[in-house]
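Asks: Quick one: structure below, then a few questions.
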Amino acid sequence: MDRANIVIIGGGVVGCAVARAVSARWSDVFLLEALPRLGMGASSRNSGVIHAGLYYPRGSLKARHCLRGNPLTYEFCAAHGIAHRRTGKLVVASSPAEASALAALHRNAVANGVEGLRLVDRARIRALEPHAEGFQAIEVPSTGIVSAEELVKAYARIAADQGAHIVTQARVERLEPLRDGIRVVSAAGEIETKCLVNSAGLFADDVAALLGSRMGRHRIYPVRGEYCELVRGKQDWVRGLVYPLPHTDGKSIGVHFTKTVWGSVLIGPTARYIDDKNNYERDRYPIEDFVPEAKLLLPGIETSDLVLAHSGIRAKLTPPGGGIGDFIIERDPDFPRVVQLIGIESPGLTSAPSIAEQVSALAGEILA
Ligand SMILES: Cc1cc2nc3c(=O)[nH]c(=O)nc-3n(C[C@H](O)[C@H](O)[C@H](O)COP(=O)(O)OP(=O)(O)OC[C@H]3O[C@@H](n4cnc5c(N)ncnc54)[C@H](O)[C@@H]3O)c2cc1C
């Protein structure tokens, strides 16, 4: 049986960023991923946006990690040659009726410490995005885009170079608390570890339940987000990132336009609570359903300009109408050798290197 200092469950962007951070400090680090490749969950099924931190309540973990993760992600991408671009973004109020909501979002973003924001008028919107329509907008210079797949691979590659064992096809099936650690039983074998990190994304609640801890009572509500893409001939209609105001119920930040690092333009994601965590494709929205929201921002868009694209599933901790929620990142009160990461939905891609710093500090307490 292998013996580890740290076992990380889940090879998404968060697990891989954690593996990179902790393998810089400790030997005998294992990352166990259920699927044949890393990053096949939410980490490769998102918008690829490096968020600035506008939306999250002041003092929340989402605000803290997004604000710190944003520059860390840019620095990491620049240092390791990962495709990314600081595009900036516009959050657009379509009419005067939305002006007060836009002002409230601006105040929240300023309180969170987001720098360089400007409230701009229709003329500036048009100058930046000639096909977009709006009454007023927040111009956000620190938002950008990244190749999420490359980011995951780079975190994992560095972790492996530092000696971490990255094991795929290793679904964790059982967790047994021991006096000085945890026995981890996976499809790839058994490991005894002094410290365990649960970063199983959408399945983090199920993994927490394997331990029988009180944290297993946290429930993840899967919320599917679906995307369309602009057809090739219309890709130059969007230069950067164009967002509406976020949903008032906290369900999502709204169907937006994202110019990807490959030059394609995503439209989405929608937000719909679903029952099955593996249901990416059943009952997809038809293309026509994207058009009304898309037209609010780009009035010239027609159904024939869109093709269906991928979908992803958010690991939400709140039921319908339950608000924006926060990340849970803490040592398990019942099993203090375990660090639980539950509800790591957006902005998890942006936040990953900052979350990894916090996990590394918690692992330091455990291994001291
Ligand atoms: C539609 C959508 C759009 C988004 N857009 C953005 C964005 O633009 N910017 C941003 O910052 N964030 C965005 N996010 C959020 C971001 O994608 C996630 O927060 C992030 O990818 C979460 O990473 P993770 O590693 O926690 O989870 P995941 O990527 O889901 O990884 C968890 C891994 O754990 C594995 N696993 C599960 N159970 C087990 C087990 N028992 N044993 C072993 N392995 C297991 C899974 O196979 C999976 O690979 C978006 C999310 C969605 C769904």
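Ordered as shown in the structure tokens, chains take letters A, B, and onward, while each chain numbers its residues from 1 and ligands are numbered from 1 in the order shown.
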What do you get as a VMD selection string if you pick all residues at most 7 Å from ligand 1, counting only C-alpha atoms and all ligand atoms?
Replies: chain A and resid 9 to 15 32 to 35 38 to 51 170 to 173 199 to 204 207 224 to 226 269 311 to 314 344 to 351
Asks: Restricted to N, CA and C atoms, what would the selected residues look like written as a compact mmCIF listing (two decimals), in the first residue's frame?
Replies:
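Result written to result.txt:
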# COMPACT_ATOMS: atom_id res chain seq x y z
N ILE A 9 -8.40 14.49 -4.26
CA ILE A 9 -9.41 13.79 -5.05
C ILE A 9 -9.97 14.76 -6.08
N GLY A 10 -9.78 14.45 -7.38
CA GLY A 10 -10.32 15.28 -8.45
C GLY A 10 -9.25 16.01 -9.23
N GLY A 11 -9.20 15.74 -10.53
CA GLY A 11 -8.20 16.36 -11.40
C GLY A 11 -8.79 17.40 -12.31
N GLY A 12 -9.61 18.30 -11.74
CA GLY A 12 -10.04 19.49 -12.47
C GLY A 12 -9.02 20.60 -12.22
N VAL A 13 -9.40 21.82 -12.60
CA VAL A 13 -8.44 22.93 -12.47
C VAL A 13 -8.08 23.17 -11.01
N VAL A 14 -9.04 22.95 -10.09
CA VAL A 14 -8.76 23.22 -8.68
C VAL A 14 -7.81 22.15 -8.13
N GLY A 15 -8.14 20.87 -8.37
CA GLY A 15 -7.27 19.80 -7.89
C GLY A 15 -5.86 19.92 -8.45
N LEU A 32 -5.82 11.87 -7.51
CA LEU A 32 -6.61 10.78 -8.06
C LEU A 32 -7.78 11.33 -8.86
N GLU A 33 -7.83 11.01 -10.14
CA GLU A 33 -8.91 11.48 -11.01
C GLU A 33 -9.68 10.27 -11.54
N ALA A 34 -11.00 10.35 -11.46
CA ALA A 34 -11.85 9.22 -11.85
C ALA A 34 -11.78 8.94 -13.36
N LEU A 35 -11.71 10.00 -14.15
CA LEU A 35 -11.87 9.85 -15.61
C LEU A 35 -10.52 9.57 -16.28
N LEU A 38 -7.45 14.43 -17.39
CA LEU A 38 -7.69 15.51 -16.43
C LEU A 38 -8.62 16.56 -17.04
N GLY A 39 -9.34 17.26 -16.19
CA GLY A 39 -10.09 18.45 -16.64
C GLY A 39 -11.29 18.17 -17.52
N MET A 40 -11.85 16.97 -17.44
CA MET A 40 -12.99 16.67 -18.32
C MET A 40 -14.33 17.12 -17.72
N GLY A 41 -14.34 17.56 -16.47
CA GLY A 41 -15.58 18.06 -15.85
C GLY A 41 -15.77 19.54 -16.16
N ALA A 42 -16.23 20.29 -15.17
CA ALA A 42 -16.53 21.72 -15.39
C ALA A 42 -15.31 22.47 -15.94
N SER A 43 -14.12 21.98 -15.63
CA SER A 43 -12.91 22.73 -15.99
C SER A 43 -12.67 22.85 -17.49
N SER A 44 -13.32 22.01 -18.29
CA SER A 44 -13.20 22.19 -19.74
C SER A 44 -14.57 22.48 -20.36
N ARG A 45 -15.55 22.77 -19.53
CA ARG A 45 -16.91 23.00 -20.04
C ARG A 45 -17.41 24.34 -19.49
N ASN A 46 -16.65 25.38 -19.75
CA ASN A 46 -16.99 26.69 -19.19
C ASN A 46 -16.76 27.78 -20.23
N SER A 47 -16.77 29.04 -19.80
CA SER A 47 -16.57 30.15 -20.75
C SER A 47 -15.10 30.51 -20.92
N GLY A 48 -14.24 30.00 -20.05
CA GLY A 48 -12.82 30.33 -20.15
C GLY A 48 -12.53 31.79 -19.84
N VAL A 49 -13.36 32.39 -18.98
CA VAL A 49 -13.16 33.80 -18.66
C VAL A 49 -12.34 33.95 -17.38
N ILE A 50 -11.34 34.82 -17.42
CA ILE A 50 -10.60 35.21 -16.22
C ILE A 50 -11.39 36.37 -15.62
N HIS A 51 -12.17 36.06 -14.59
CA HIS A 51 -13.09 37.07 -14.06
C HIS A 51 -12.35 38.11 -13.23
N ALA A 170 -8.94 6.58 -11.59
CA ALA A 170 -8.75 6.25 -10.17
C ALA A 170 -9.93 6.81 -9.36
N ARG A 171 -11.13 6.40 -9.71
CA ARG A 171 -12.30 6.89 -8.97
C ARG A 171 -12.22 6.47 -7.51
N VAL A 172 -12.37 7.42 -6.60
CA VAL A 172 -12.33 7.11 -5.17
C VAL A 172 -13.69 6.55 -4.77
N GLU A 173 -13.64 5.35 -4.21
CA GLU A 173 -14.89 4.65 -3.90
C GLU A 173 -15.17 4.56 -2.40
N SER A 199 -11.50 17.74 -3.82
CA SER A 199 -11.80 18.75 -4.85
C SER A 199 -12.47 18.04 -6.02
N ALA A 200 -13.56 17.33 -5.69
CA ALA A 200 -14.25 16.49 -6.67
C ALA A 200 -15.36 17.24 -7.42
N GLY A 201 -15.33 18.57 -7.37
CA GLY A 201 -16.23 19.37 -8.21
C GLY A 201 -17.69 19.07 -7.94
N LEU A 202 -18.38 18.72 -8.99
CA LEU A 202 -19.82 18.41 -8.93
C LEU A 202 -20.13 17.28 -7.95
N PHE A 203 -19.12 16.44 -7.69
CA PHE A 203 -19.33 15.26 -6.85
C PHE A 203 -18.72 15.44 -5.45
N ALA A 204 -18.35 16.67 -5.12
CA ALA A 204 -17.69 16.90 -3.82
C ALA A 204 -18.62 16.56 -2.66
N VAL A 207 -18.45 12.79 -2.28
CA VAL A 207 -17.18 12.37 -1.67
C VAL A 207 -17.19 12.70 -0.17
N ARG A 224 -27.31 23.20 -15.18
CA ARG A 224 -26.68 23.08 -16.50
C ARG A 224 -26.62 24.43 -17.22
N GLY A 225 -25.49 24.68 -17.85
CA GLY A 225 -25.32 25.87 -18.68
C GLY A 225 -25.01 25.43 -20.10
N GLU A 226 -25.83 25.90 -21.05
CA GLU A 226 -25.65 25.48 -22.45
C GLU A 226 -25.16 26.66 -23.28
N PRO A 269 -23.55 30.97 -20.80
CA PRO A 269 -24.37 29.78 -20.67
C PRO A 269 -25.75 30.11 -20.10
N SER A 311 -21.96 22.11 -23.42
CA SER A 311 -22.66 22.52 -22.19
C SER A 311 -21.77 22.14 -21.00
N GLY A 312 -22.05 22.75 -19.86
CA GLY A 312 -21.32 22.42 -18.63
C GLY A 312 -22.30 22.40 -17.48
N ILE A 313 -21.89 21.84 -16.35
CA ILE A 313 -22.81 21.76 -15.20
C ILE A 313 -22.16 22.43 -13.98
N ARG A 314 -22.87 23.41 -13.43
CA ARG A 314 -22.36 24.15 -12.26
C ARG A 314 -22.60 23.35 -10.98
N ILE A 344 -17.55 24.72 -5.62
CA ILE A 344 -16.59 25.55 -6.35
C ILE A 344 -17.11 25.76 -7.78
N GLU A 345 -18.13 26.60 -7.86
CA GLU A 345 -18.67 26.97 -9.17
C GLU A 345 -17.94 28.23 -9.63
N SER A 346 -18.47 28.93 -10.62
CA SER A 346 -17.81 30.14 -11.10
C SER A 346 -17.68 31.14 -9.94
N PRO A 347 -16.57 31.80 -9.76
CA PRO A 347 -15.40 31.91 -10.63
C PRO A 347 -14.27 30.94 -10.26
N GLY A 348 -14.54 29.63 -10.28
CA GLY A 348 -13.56 28.65 -9.83
C GLY A 348 -12.34 28.54 -10.72
N LEU A 349 -12.54 28.73 -12.02
CA LEU A 349 -11.39 28.65 -12.95
C LEU A 349 -10.40 29.77 -12.62
N THR A 350 -10.93 30.98 -12.46
CA THR A 350 -10.10 32.14 -12.13
C THR A 350 -9.46 31.99 -10.75
N SER A 351 -10.25 31.46 -9.81
CA SER A 351 -9.83 31.43 -8.40
C SER A 351 -8.83 30.33 -8.08
Asks: From a DSSP calculation on the backbone, collect every residue of segment 111-267 of chain A in strand (DSSP E) and output the set as a VMD selection string.
Replies: chain A and resid 118 to 121 136 to 140 144 to 146 165 to 167 172 to 178 181 to 186 189 to 198 221 to 230 241 to 243 256 to 259 265 to 267
Asks: Give me the residues within 12 Å of Ala271 of chain A as a ChimeraX atom specification, counting only C-alpha atoms and dropping any in the same chain fewer than 5 places off.
Replies: /A:221-227,246-247,249-256,284-285,290,311-316,320
Asks: Could you list, as a list in words, every residue within 8 Å of Thr258 of chain A, counting only C-alpha atoms and ignoring same-chain residues fewer than 3 positions away?
Replies: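 Answer for this query is Ser47, Val49, Val238, Gly240, Leu241, Val242, Val265, Leu266 and Ile267 of chain A.
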Asks: Could you save the residues just selected, with N, CA and C atoms, as a PDB file, in the first residue's frame?
Replies:
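Ended up saving to again_31.pdb:
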ATOM      1  N   SER A  47     -16.772  29.041 -19.803  1.00  0.00           N
ATOM      2  CA  SER A  47     -16.573  30.150 -20.749  1.00  0.00           C
ATOM      3  C   SER A  47     -15.104  30.511 -20.918  1.00  0.00           C
ATOM      4  N   VAL A  49     -13.357  32.386 -18.976  1.00  0.00           N
ATOM      5  CA  VAL A  49     -13.163  33.799 -18.656  1.00  0.00           C
ATOM      6  C   VAL A  49     -12.341  33.948 -17.376  1.00  0.00           C
ATOM      7  N   VAL A 238     -18.132  40.300 -32.609  1.00  0.00           N
ATOM      8  CA  VAL A 238     -17.801  40.502 -31.192  1.00  0.00           C
ATOM      9  C   VAL A 238     -16.280  40.542 -31.062  1.00  0.00           C
ATOM     10  N   GLY A 240     -14.622  41.325 -27.869  1.00  0.00           N
ATOM     11  CA  GLY A 240     -14.162  40.942 -26.523  1.00  0.00           C
ATOM     12  C   GLY A 240     -15.243  40.171 -25.797  1.00  0.00           C
ATOM     13  N   LEU A 241     -15.647  40.689 -24.632  1.00  0.00           N
ATOM     14  CA  LEU A 241     -16.659  40.030 -23.802  1.00  0.00           C
ATOM     15  C   LEU A 241     -17.801  41.014 -23.568  1.00  0.00           C
ATOM     16  N   VAL A 242     -19.006  40.586 -23.887  1.00  0.00           N
ATOM     17  CA  VAL A 242     -20.176  41.461 -23.736  1.00  0.00           C
ATOM     18  C   VAL A 242     -21.204  40.739 -22.877  1.00  0.00           C
ATOM     19  N   VAL A 265     -16.861  32.678 -31.062  1.00  0.00           N
ATOM     20  CA  VAL A 265     -17.645  33.477 -30.117  1.00  0.00           C
ATOM     21  C   VAL A 265     -18.720  32.605 -29.481  1.00  0.00           C
ATOM     22  N   LEU A 266     -18.605  32.412 -28.162  1.00  0.00           N
ATOM     23  CA  LEU A 266     -19.608  31.635 -27.431  1.00  0.00           C
ATOM     24  C   LEU A 266     -20.762  32.532 -27.023  1.00  0.00           C
ATOM     25  N   ILE A 267     -21.966  31.956 -27.016  1.00  0.00           N
ATOM     26  CA  ILE A 267     -23.142  32.653 -26.484  1.00  0.00           C
ATOM     27  C   ILE A 267     -23.741  31.746 -25.432  1.00  0.00           C
TER      28      ILE A 267
END
